[in-house]
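K.L.:
As input, take protein.tsv (TSV, C-alpha atoms):
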chain	number	residue	atom	x	y	z
K	10	MET	CA	71.72	-98.06	-19.45
K	11	SER	CA	69.60	-97.31	-22.50
K	12	ALA	CA	69.57	-93.70	-23.63
K	13	VAL	CA	68.55	-91.63	-26.66
K	14	GLU	CA	71.38	-89.51	-28.01
K	15	ILE	CA	71.74	-86.99	-30.80
K	16	GLY	CA	74.02	-88.66	-33.36
K	17	SER	CA	74.50	-85.44	-35.31
K	18	PHE	CA	72.51	-82.24	-35.73
K	19	GLY	CA	69.56	-82.63	-38.08
K	20	GLY	CA	66.05	-84.01	-38.36
K	21	PRO	CA	64.32	-86.49	-36.07
K	22	GLU	CA	66.19	-89.38	-37.69
K	23	VAL	CA	69.45	-88.34	-35.96
K	24	LEU	CA	68.05	-89.53	-32.62
K	25	ARG	CA	69.32	-93.02	-31.82
K	26	LEU	CA	69.01	-95.50	-28.98
K	27	THR	CA	72.38	-96.22	-27.44
K	28	GLN	CA	74.04	-97.51	-24.28
K	29	ARG	CA	75.61	-95.14	-21.77
K	30	PRO	CA	77.09	-95.59	-18.28
K	31	VAL	CA	74.59	-95.03	-15.47
K	32	PRO	CA	75.28	-91.53	-14.08
K	33	VAL	CA	76.35	-91.04	-10.47
K	34	ALA	CA	74.52	-88.65	-8.15
K	35	GLY	CA	76.76	-86.02	-6.55
K	36	ALA	CA	76.26	-83.65	-3.66
K	37	GLY	CA	72.71	-82.35	-3.53
K	38	GLU	CA	71.53	-84.81	-6.19
K	39	VAL	CA	69.50	-87.99	-6.55
K	40	LEU	CA	69.66	-90.81	-9.07
K	41	ILE	CA	66.25	-91.58	-10.57
K	42	ARG	CA	65.28	-94.82	-12.30
K	43	VAL	CA	63.26	-93.26	-15.08
K	44	ALA	CA	59.86	-94.59	-16.10
K	45	ALA	CA	58.85	-91.75	-18.43
K	46	SER	CA	60.44	-88.65	-20.00
K	47	GLY	CA	58.66	-85.58	-21.32
K	48	VAL	CA	59.32	-84.32	-24.85
K	49	ASN	CA	59.57	-80.55	-25.25
K	50	ARG	CA	60.31	-77.98	-27.92
K	51	PRO	CA	63.79	-77.24	-26.51
K	52	ASP	CA	64.67	-80.90	-27.18
K	53	VAL	CA	63.84	-80.35	-30.86
K	54	LEU	CA	65.97	-77.20	-30.91
K	55	GLN	CA	68.87	-79.02	-29.26
K	56	ARG	CA	68.62	-81.82	-31.83
K	57	SER	CA	68.81	-79.28	-34.64
K	58	GLY	CA	71.86	-77.59	-33.13
K	59	ALA	CA	70.08	-74.40	-32.09
K	60	TYR	CA	69.96	-74.90	-28.30
K	61	PRO	CA	73.12	-76.40	-26.76
K	62	PRO	CA	72.99	-77.71	-23.19
K	63	PRO	CA	74.39	-75.37	-20.54
K	64	PRO	CA	77.91	-76.03	-19.23
K	65	GLY	CA	78.06	-79.11	-17.03
K	66	ALA	CA	74.76	-80.58	-18.24
K	67	SER	CA	74.44	-83.93	-19.97
K	68	ASP	CA	74.66	-83.91	-23.76
K	69	LEU	CA	71.59	-86.14	-23.85
K	70	PRO	CA	68.32	-84.30	-24.56
K	71	GLY	CA	65.44	-84.31	-22.13
K	72	LEU	CA	64.36	-81.75	-19.52
K	73	GLU	CA	61.88	-83.68	-17.37
K	74	VAL	CA	61.51	-87.19	-15.99
K	75	ALA	CA	59.39	-89.24	-13.64
K	76	GLY	CA	60.47	-92.35	-11.78
K	77	VAL	CA	61.80	-93.72	-8.51
K	78	ILE	CA	64.70	-92.41	-6.41
K	79	GLU	CA	67.33	-95.17	-6.27
K	80	SER	CA	70.14	-93.36	-4.43
K	81	GLY	CA	71.50	-89.92	-3.70
K	82	ASP	CA	72.66	-87.38	-1.14
K	83	SER	CA	70.93	-88.62	2.00
K	84	ALA	CA	71.26	-85.34	3.89
K	85	ALA	CA	69.83	-83.31	1.01
K	86	MET	CA	67.00	-85.80	0.59
K	87	ALA	CA	66.18	-85.70	4.29
K	88	GLU	CA	66.07	-81.92	4.25
K	89	ALA	CA	63.66	-82.03	1.30
K	90	GLY	CA	61.50	-84.74	2.85
K	91	LEU	CA	62.47	-87.32	0.23
K	92	SER	CA	63.74	-90.90	0.58
K	93	VAL	CA	65.09	-93.72	-1.55
K	94	GLY	CA	62.10	-95.46	-3.12
K	95	ASP	CA	59.98	-92.32	-3.45
K	96	ARG	CA	58.22	-91.68	-6.74
K	97	VAL	CA	59.18	-88.23	-8.01
K	98	CYS	CA	59.15	-86.07	-11.10
K	99	ALA	CA	62.03	-83.72	-11.75
K	100	LEU	CA	63.19	-80.83	-13.90
K	101	VAL	CA	66.69	-81.39	-15.30
K	102	ALA	CA	69.03	-79.35	-17.51
K	103	GLY	CA	69.64	-82.38	-19.76
K	104	GLY	CA	69.90	-86.16	-19.66
K	105	GLY	CA	66.19	-86.88	-19.42
K	106	TYR	CA	66.12	-89.20	-22.43
K	107	ALA	CA	67.65	-92.07	-20.48
K	108	ALA	CA	66.63	-94.98	-18.27
K	109	TRP	CA	68.55	-93.41	-15.37
K	110	CYS	CA	68.90	-89.69	-14.71
K	111	VAL	CA	70.57	-87.50	-12.09
K	112	ALA	CA	68.55	-84.55	-10.79
K	113	PRO	CA	69.13	-81.87	-8.15
K	114	VAL	CA	67.13	-82.66	-5.04
K	115	GLY	CA	65.62	-79.18	-5.06
K	116	GLN	CA	64.19	-79.72	-8.54
K	117	CYS	CA	62.31	-82.88	-7.56
K	118	LEU	CA	58.65	-82.95	-6.58
K	119	PRO	CA	56.60	-85.92	-5.39
K	120	VAL	CA	54.39	-87.55	-7.99
K	121	PRO	CA	50.91	-86.16	-7.26
K	122	ALA	CA	48.61	-88.68	-5.62
K	123	GLY	CA	46.78	-90.79	-8.19
K	124	PHE	CA	49.09	-89.86	-11.09
K	125	ASP	CA	50.83	-92.46	-13.22
K	126	ASP	CA	54.39	-92.04	-14.48
K	127	VAL	CA	53.40	-90.64	-17.88
K	128	GLN	CA	51.22	-87.97	-16.31
K	129	ALA	CA	53.95	-87.10	-13.81
K	130	ALA	CA	56.63	-86.81	-16.52
K	131	SER	CA	54.48	-84.29	-18.38
K	132	LEU	CA	54.53	-81.80	-15.51
K	133	PRO	CA	57.92	-80.29	-14.61
K	134	GLU	CA	59.10	-78.39	-17.68
K	135	THR	CA	55.81	-76.67	-18.43
K	136	PHE	CA	54.73	-76.10	-14.83
K	137	PHE	CA	58.09	-74.62	-13.80
K	138	THR	CA	58.07	-72.44	-16.93
K	139	VAL	CA	54.51	-71.18	-16.51
K	140	TRP	CA	54.88	-70.43	-12.81
K	141	SER	CA	58.15	-68.58	-13.32
K	142	ASN	CA	56.98	-66.50	-16.26
K	143	VAL	CA	53.25	-65.95	-15.76
K	144	PHE	CA	53.10	-65.61	-11.99
K	145	ASP	CA	56.59	-64.54	-10.90
K	146	ARG	CA	57.82	-62.48	-13.86
K	147	GLY	CA	54.39	-61.56	-15.31
K	148	ARG	CA	52.82	-60.98	-11.87
K	149	LEU	CA	49.39	-62.18	-13.02
K	150	GLN	CA	46.73	-61.32	-10.42
K	151	PRO	CA	43.19	-62.61	-9.85
K	152	GLY	CA	40.76	-60.67	-12.02
K	153	GLU	CA	43.37	-59.80	-14.65
K	154	THR	CA	43.34	-61.03	-18.25
K	155	LEU	CA	46.05	-63.31	-19.67
K	156	LEU	CA	46.62	-63.80	-23.40
K	157	ILE	CA	48.41	-67.07	-24.22
K	158	GLN	CA	49.98	-67.53	-27.63
K	159	GLY	CA	49.75	-71.19	-28.62
K	160	GLY	CA	47.07	-72.44	-26.26
K	161	THR	CA	47.29	-76.11	-27.22
K	162	SER	CA	51.05	-76.47	-26.77
K	163	GLY	CA	52.37	-78.13	-23.64
K	164	ILE	CA	53.00	-74.68	-22.19
K	165	GLY	CA	49.61	-73.46	-23.36
K	166	VAL	CA	47.45	-76.19	-21.84
K	167	THR	CA	49.27	-75.69	-18.54
K	168	ALA	CA	49.00	-71.90	-18.59
K	169	ILE	CA	45.27	-71.97	-19.38
K	170	GLN	CA	44.48	-74.21	-16.42
K	171	MET	CA	46.81	-72.53	-13.94
K	172	ALA	CA	45.62	-69.03	-14.79
K	173	LYS	CA	41.97	-70.04	-14.46
K	174	ALA	CA	42.65	-71.81	-11.17
K	175	PHE	CA	44.10	-68.57	-9.79
K	176	GLY	CA	41.19	-66.41	-10.89
K	177	ALA	CA	42.29	-64.87	-14.18
K	178	THR	CA	40.35	-64.42	-17.41
K	179	VAL	CA	42.10	-66.35	-20.19
K	180	ILE	CA	42.30	-65.66	-23.90
K	181	ALA	CA	44.22	-68.24	-25.94
K	182	THR	CA	45.29	-68.32	-29.57
K	183	ALA	CA	45.50	-71.47	-31.69
K	184	GLY	CA	45.91	-72.38	-35.34
K	185	SER	CA	42.57	-74.07	-36.08
K	186	ASP	CA	38.95	-74.00	-34.99
K	187	ASP	CA	39.36	-77.48	-33.48
K	188	LYS	CA	42.31	-76.31	-31.42
K	189	CYS	CA	40.36	-73.25	-30.32
K	190	ALA	CA	37.60	-75.55	-29.13
K	191	ALA	CA	40.17	-77.56	-27.18
K	192	CYS	CA	41.38	-74.36	-25.49
K	193	ARG	CA	37.85	-73.54	-24.39
K	194	GLN	CA	37.36	-77.09	-23.09
K	195	LEU	CA	40.47	-76.63	-20.96
K	196	GLY	CA	38.96	-73.51	-19.43
K	197	ALA	CA	39.92	-70.61	-21.69
K	198	ASP	CA	37.22	-67.94	-21.66
K	199	HIS	CA	37.95	-67.06	-25.29
K	200	ALA	CA	39.99	-68.63	-28.10
K	201	ILE	CA	41.22	-66.86	-31.23
K	202	ASN	CA	42.12	-68.64	-34.47
K	203	TYR	CA	45.23	-66.68	-35.42
K	204	ARG	CA	45.08	-67.94	-39.00
K	205	SER	CA	41.69	-66.31	-39.67
K	206	GLN	CA	41.55	-63.51	-37.08
K	207	ASP	CA	43.77	-60.64	-35.95
K	208	PHE	CA	44.47	-61.67	-32.36
K	209	SER	CA	45.38	-58.11	-31.34
K	210	ALA	CA	42.13	-56.60	-32.59
K	211	VAL	CA	40.02	-59.41	-31.14
K	212	ALA	CA	41.78	-59.17	-27.76
K	213	ARG	CA	41.06	-55.44	-27.59
K	214	GLU	CA	37.44	-56.07	-28.53
K	215	LEU	CA	37.05	-58.84	-25.93
K	216	THR	CA	38.37	-56.52	-23.21
K	217	GLY	CA	36.16	-53.59	-24.20
K	218	GLY	CA	39.14	-51.69	-25.54
K	219	LYS	CA	41.08	-51.92	-22.26
K	220	GLY	CA	43.57	-54.53	-23.46
K	221	VAL	CA	45.02	-57.56	-21.72
K	222	ASP	CA	47.15	-57.39	-18.59
K	223	VAL	CA	49.68	-60.13	-19.33
K	224	ILE	CA	50.78	-61.90	-22.51
K	225	LEU	CA	52.71	-65.18	-22.57
K	226	ASP	CA	54.49	-65.22	-25.93
K	227	MET	CA	56.35	-68.12	-27.56
K	228	VAL	CA	56.51	-66.49	-31.00
K	229	ALA	CA	58.18	-63.04	-30.77
K	230	GLY	CA	59.15	-61.68	-34.22
K	231	ASP	CA	56.36	-59.64	-35.79
K	232	TYR	CA	53.96	-60.69	-33.00
K	233	VAL	CA	55.58	-58.23	-30.61
K	234	ALA	CA	54.22	-55.13	-32.38
K	235	ARG	CA	50.67	-56.46	-32.25
K	236	GLU	CA	51.08	-57.55	-28.65
K	237	VAL	CA	52.20	-54.07	-27.61
K	238	GLU	CA	49.05	-52.72	-29.26
K	239	CYS	CA	46.71	-54.94	-27.24
K	240	LEU	CA	48.32	-54.57	-23.81
K	241	ALA	CA	46.43	-52.63	-21.14
K	242	GLU	CA	48.04	-49.86	-19.13
K	243	ASP	CA	50.84	-51.31	-16.98
K	244	GLY	CA	50.58	-54.49	-19.06
K	245	ARG	CA	53.34	-57.12	-19.09
K	246	LEU	CA	54.62	-59.00	-22.13
K	247	VAL	CA	56.69	-62.08	-21.26
K	248	ILE	CA	58.60	-63.70	-24.14
K	249	ILE	CA	59.75	-67.28	-23.55
K	250	ALA	CA	60.60	-68.43	-27.10
K	251	VAL	CA	61.31	-66.91	-30.51
K	252	GLN	CA	59.67	-69.29	-32.97
K	253	GLY	CA	58.76	-66.29	-35.15
K	254	GLY	CA	62.24	-64.78	-35.13
K	255	VAL	CA	64.47	-62.72	-32.85
K	256	ASN	CA	63.92	-59.32	-34.46
K	257	ALA	CA	60.93	-57.16	-33.61
K	258	SER	CA	59.81	-53.62	-34.42
K	259	PHE	CA	57.09	-52.01	-32.29
K	260	ASN	CA	55.58	-48.69	-31.27
K	261	ALA	CA	57.80	-47.49	-28.42
K	262	GLY	CA	55.40	-44.60	-27.85
K	263	LEU	CA	52.77	-47.05	-26.63
K	264	VAL	CA	55.29	-48.54	-24.24
K	265	LEU	CA	55.83	-45.08	-22.75
K	266	ARG	CA	52.24	-43.92	-22.63
K	267	ARG	CA	50.84	-47.18	-21.24
K	268	ARG	CA	53.82	-47.90	-18.95
K	269	LEU	CA	54.31	-51.34	-20.47
K	270	HIS	CA	56.81	-53.94	-19.37
K	271	ILE	CA	58.51	-56.16	-21.98
K	272	THR	CA	60.55	-58.98	-20.51
K	273	GLY	CA	61.59	-62.55	-21.17
K	274	SER	CA	63.52	-65.47	-19.79
K	275	THR	CA	64.96	-68.90	-20.42
K	276	LEU	CA	64.77	-71.44	-17.61
K	277	ARG	CA	67.30	-74.11	-18.57
K	278	PRO	CA	70.54	-72.23	-17.70
K	279	ARG	CA	69.26	-70.75	-14.42
K	280	PRO	CA	70.95	-71.97	-11.20
K	281	VAL	CA	69.58	-74.79	-9.09
K	282	ALA	CA	68.61	-72.41	-6.28
K	283	PHE	CA	66.37	-70.45	-8.65
K	284	LYS	CA	64.62	-73.59	-9.89
K	285	ALA	CA	64.34	-74.99	-6.39
K	286	ALA	CA	62.44	-71.87	-5.33
K	287	ILE	CA	59.99	-72.46	-8.17
K	288	ALA	CA	59.61	-76.09	-7.07
K	289	ARG	CA	58.73	-74.97	-3.55
K	290	SER	CA	56.06	-72.61	-4.87
K	291	LEU	CA	54.61	-75.33	-7.07
K	292	GLY	CA	54.58	-77.84	-4.23
K	293	GLU	CA	52.76	-75.40	-1.98
K	294	LYS	CA	50.33	-73.75	-4.37
K	295	VAL	CA	49.86	-75.96	-7.46
K	296	TRP	CA	50.43	-79.60	-6.48
K	297	PRO	CA	47.32	-79.57	-4.24
K	298	LEU	CA	45.27	-78.40	-7.24
K	299	LEU	CA	46.62	-81.32	-9.29
K	300	GLU	CA	45.70	-83.80	-6.55
K	301	GLN	CA	42.23	-82.27	-6.29
K	302	GLY	CA	41.71	-82.58	-10.05
K	303	LYS	CA	41.35	-78.83	-10.53
K	304	ILE	CA	44.33	-78.87	-12.91
K	305	LYS	CA	44.90	-81.93	-15.10
K	306	PRO	CA	47.78	-83.11	-17.27
K	307	VAL	CA	46.95	-83.21	-20.97
K	308	ILE	CA	48.72	-86.08	-22.74
K	309	HIS	CA	48.50	-86.26	-26.52
K	310	SER	CA	50.71	-89.27	-27.23
K	311	THR	CA	53.19	-91.67	-25.68
K	312	PHE	CA	56.04	-93.41	-27.48
K	313	ASP	CA	58.47	-96.09	-26.43
K	314	ALA	CA	61.85	-94.42	-25.97
K	315	ALA	CA	63.20	-96.32	-28.97
K	316	ARG	CA	60.72	-94.29	-31.06
K	317	ALA	CA	61.96	-90.89	-29.92
K	318	ALA	CA	62.40	-89.88	-33.56
K	319	ASP	CA	58.67	-90.44	-34.15
K	320	ALA	CA	57.87	-88.34	-31.08
K	321	HIS	CA	59.97	-85.47	-32.44
K	322	ALA	CA	58.42	-85.80	-35.89
K	323	LEU	CA	54.97	-85.48	-34.33
K	324	MET	CA	55.99	-82.40	-32.35
K	325	GLU	CA	57.27	-80.73	-35.51
K	326	THR	CA	53.88	-81.17	-37.22
K	327	ASN	CA	52.32	-78.94	-34.54
K	328	GLN	CA	49.24	-81.16	-34.69
K	329	HIS	CA	49.41	-82.30	-31.08
K	330	ILE	CA	47.33	-80.90	-28.22
K	331	GLY	CA	49.18	-81.16	-24.93
K	332	LYS	CA	52.25	-83.20	-24.07
K	333	ILE	CA	54.22	-85.97	-25.81
K	334	VAL	CA	55.94	-88.46	-23.48
K	335	LEU	CA	58.53	-91.23	-23.89
K	336	THR	CA	58.28	-94.42	-21.82
K	337	TRP	CA	61.06	-96.71	-20.62
K	338	SER	CA	60.40	-100.42	-20.07
Now that the file is in, can you turn its structure into structure tokens?

P.N.:
Amino acid sequence: MSAVEIGSFGGPEVLRLTQRPVPVAGAGEVLIRVAASGVNRPDVLQRSGAYPPPPGASDLPGLEVAGVIESGDSAAMAEAGLSVGDRVCALVAGGGYAAWCVAPVGQCLPVPAGFDDVQAASLPETFFTVWSNVFDRGRLQPGETLLIQGGTSGIGVTAIQMAKAFGATVIATAGSDDKCAACRQLGADHAINYRSQDFSAVARELTGGKGVDVILDMVAGDYVAREVECLAEDGRLVIIAVQGGVNASFNAGLVLRRRLHITGSTLRPRPVAFKAAIARSLGEKVWPLLEQGKIKPVIHSTFDAARAADAHALMETNQHIGKIVLTWS
């Protein structure tokens, strides 16, 4: 089969199209003939040598795919209501940049009605991540306020729409006025240009001094101190990436006085059972909203898989709004 591998750690140019054996589905797994693969920031980190795959995962990059089930564990499929020939999208721990991919049955979801393969491939990684961190870990409730750092990223465009669909007020940050406008078009109540405004001060002003209830942070570093300052009492800060660095200094007194919660998580190394529980929640509570058009995939660009290096180069410019997807012919 055709696959995109990391020839050596480095820039986008180290990605190369190669031939690999078609993987074999084991117990509790399905083999998917891949039509499209999502491109995500962890893929870029893996390519640079900063994010190795977990033990037992494929060395190929790629965390999400969409395609057709070709074979697999029949008992596991029957229990999940899936069959050979079904169109599915799936979250995987690696191996998504390939024309064939093995996925745990529990991490597969049906392609929403009316969605094409590119749209379907853009869903798993961001939707699993947002549900797990905003709603499970962050416990966002209707009527609360969510601050999203990086509102036009793949995670950001998903978080804006999901939070609004479940009754939250959304504040998003972005790096340009055009990107702020895109956040508002997606449903954000407010958008803050972090290059020209102090997001912490603006967030406090927008909430009448109360502060925000939940923050979804992909930056960390020196952002943490300012995030602590703009959290409301009993507020929750959820860190899911450290693009701004791993070290942070903040006012611990505010954490005590306001009873703040600072937490974080990575999804890729978590066990299948954990991810399968997220999939069940998404299938029950979010997939109907996708099929009703209340939440929509946001696709910035598609590339033929042979041009994976160009897809990574685009992601590293940070100029995209929404998802970047590879297609397999």

K.L.:
Applying 12 Å and all atoms listed in the file, which residues near Ala85 (chain K) remain after dropping the ones on its own chain fewer than 4 positions away? List them as a list in words.

P.N.:
Ala34, Gly35, Ala36, Gly37, Glu38, Val39, Ser80, Gly81, Ala89, Gly90, Leu91, Ser92, Val93, Ala112, Pro113, Val114, Gly115, Gln116 and Cys117 of chain K

K.L.:
As a list of chain:residue names, please: the residues near Gln128 (chain K) (cut-off 8 Å, all atoms listed in the file, same-chain neighbours under 2 positions excluded).

P.N.:
K:Phe124, K:Asp125, K:Asp126, K:Ala130, K:Ser131, K:Leu132, K:Pro306, K:Val307, K:Ile308

K.L.:
If you keep C-alpha atoms, can you produce a file of those selected residues as a compact mmCIF listing (two decimals), in the coordinates of the input?

P.N.:
# COMPACT_ATOMS: atom_id res chain seq x y z
CA PHE K 124 49.09 -89.86 -11.09
CA ASP K 125 50.83 -92.46 -13.22
CA ASP K 126 54.39 -92.04 -14.48
CA ALA K 130 56.63 -86.81 -16.52
CA SER K 131 54.48 -84.29 -18.38
CA LEU K 132 54.53 -81.80 -15.51
CA PRO K 306 47.78 -83.11 -17.27
CA VAL K 307 46.95 -83.21 -20.97
CA ILE K 308 48.72 -86.08 -22.74

K.L.:
Residues near Lys219 (chain K), anyone? I mean within 8 Å using all atoms listed in the file, not counting same-chain ones fewer than 6 positions away, as number ranges by chain.

P.N.:
K: 213, 240-242

K.L.:
In the coordinate frame of the file, compute which residues have an atom within 9 Å of (49.2, -75.5, -10.0) when using all atoms listed in the file, and state them as an MDAnalysis selection string.

P.N.:
chainID K and resid 136 140 167 170:172 174:175 291:299 303:304

K.L.:
As a ChimeraX atom specification, please: the residues near region 272-285 of chain K (cut-off 6 Å, all atoms listed in the file, same-chain neighbours under 6 positions excluded).

P.N.:
/K:63,102,115-116,247-249

K.L.:
Using C-alpha atoms, can you write the selected residues to a file as a PDB file, in the coordinates of the input?

P.N.:
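Below is the file that was written, again-v2.pdb:
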ATOM      1  CA  PRO K  63      74.390 -75.370 -20.540  1.00  0.00           C
ATOM      2  CA  ALA K 102      69.030 -79.350 -17.510  1.00  0.00           C
ATOM      3  CA  GLY K 115      65.620 -79.180  -5.060  1.00  0.00           C
ATOM      4  CA  GLN K 116      64.190 -79.720  -8.540  1.00  0.00           C
ATOM      5  CA  VAL K 247      56.690 -62.080 -21.260  1.00  0.00           C
ATOM      6  CA  ILE K 248      58.600 -63.700 -24.140  1.00  0.00           C
ATOM      7  CA  ILE K 249      59.750 -67.280 -23.550  1.00  0.00           C
TER       8      ILE K 249
END

K.L.:
CA of Gly163 (chain K) and CA of Ser17 (chain K) are how many Å apart?

P.N.:
26.1 Å

K.L.:
For a quick check of understanding, using all atoms listed in the file, which of K:Leu246, K:Ala212, K:Cys98, K:Ala261 has the smallest distance to Ala44 (chain K)?

P.N.:
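So, comparing all the options, the nearest one is K:Cys98.
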
K.L.:
Could you check which of K:Arg50, K:Arg56, K:Arg316, K:Lys173 is closest to Ile15 (chain K), using only C-alpha atoms?

P.N.:
K:Arg56

K.L.:
In Å, how far is it from CA of Val255 (chain K) to CA of Asp226 (chain K)?

P.N.:
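Taking CA of Val255 (chain K) as the start and CA of Asp226 (chain K) as the end point, the length is 12.4 Å.
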
K.L.:
Expressed in Å to a single decimal, how great is the separation between CA of Val251 (chain K) and CA of Asp52 (chain K)?

P.N.:
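Interatomic distance, CA of Val251 (chain K) to CA of Asp52 (chain K): 14.8 Å.
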
K.L.:
Under the rule that all atoms listed in the file are counted, which of K:Glu238, K:Glu73, K:Asp187, K:Asp231 is the nearest residue to Lys332 (chain K)?

P.N.:
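Smallest distance to Lys332 (chain K) is found for K:Glu73.
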
K.L.:
Considering all atoms listed in the file, state which residue in the set K:Val139, K:Ala87, K:Leu54, K:Val48 is at the smallest distance from Ala288 (chain K).

P.N.:
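Counting all atoms listed in the file, the residue closest to Ala288 (chain K) is K:Val139.
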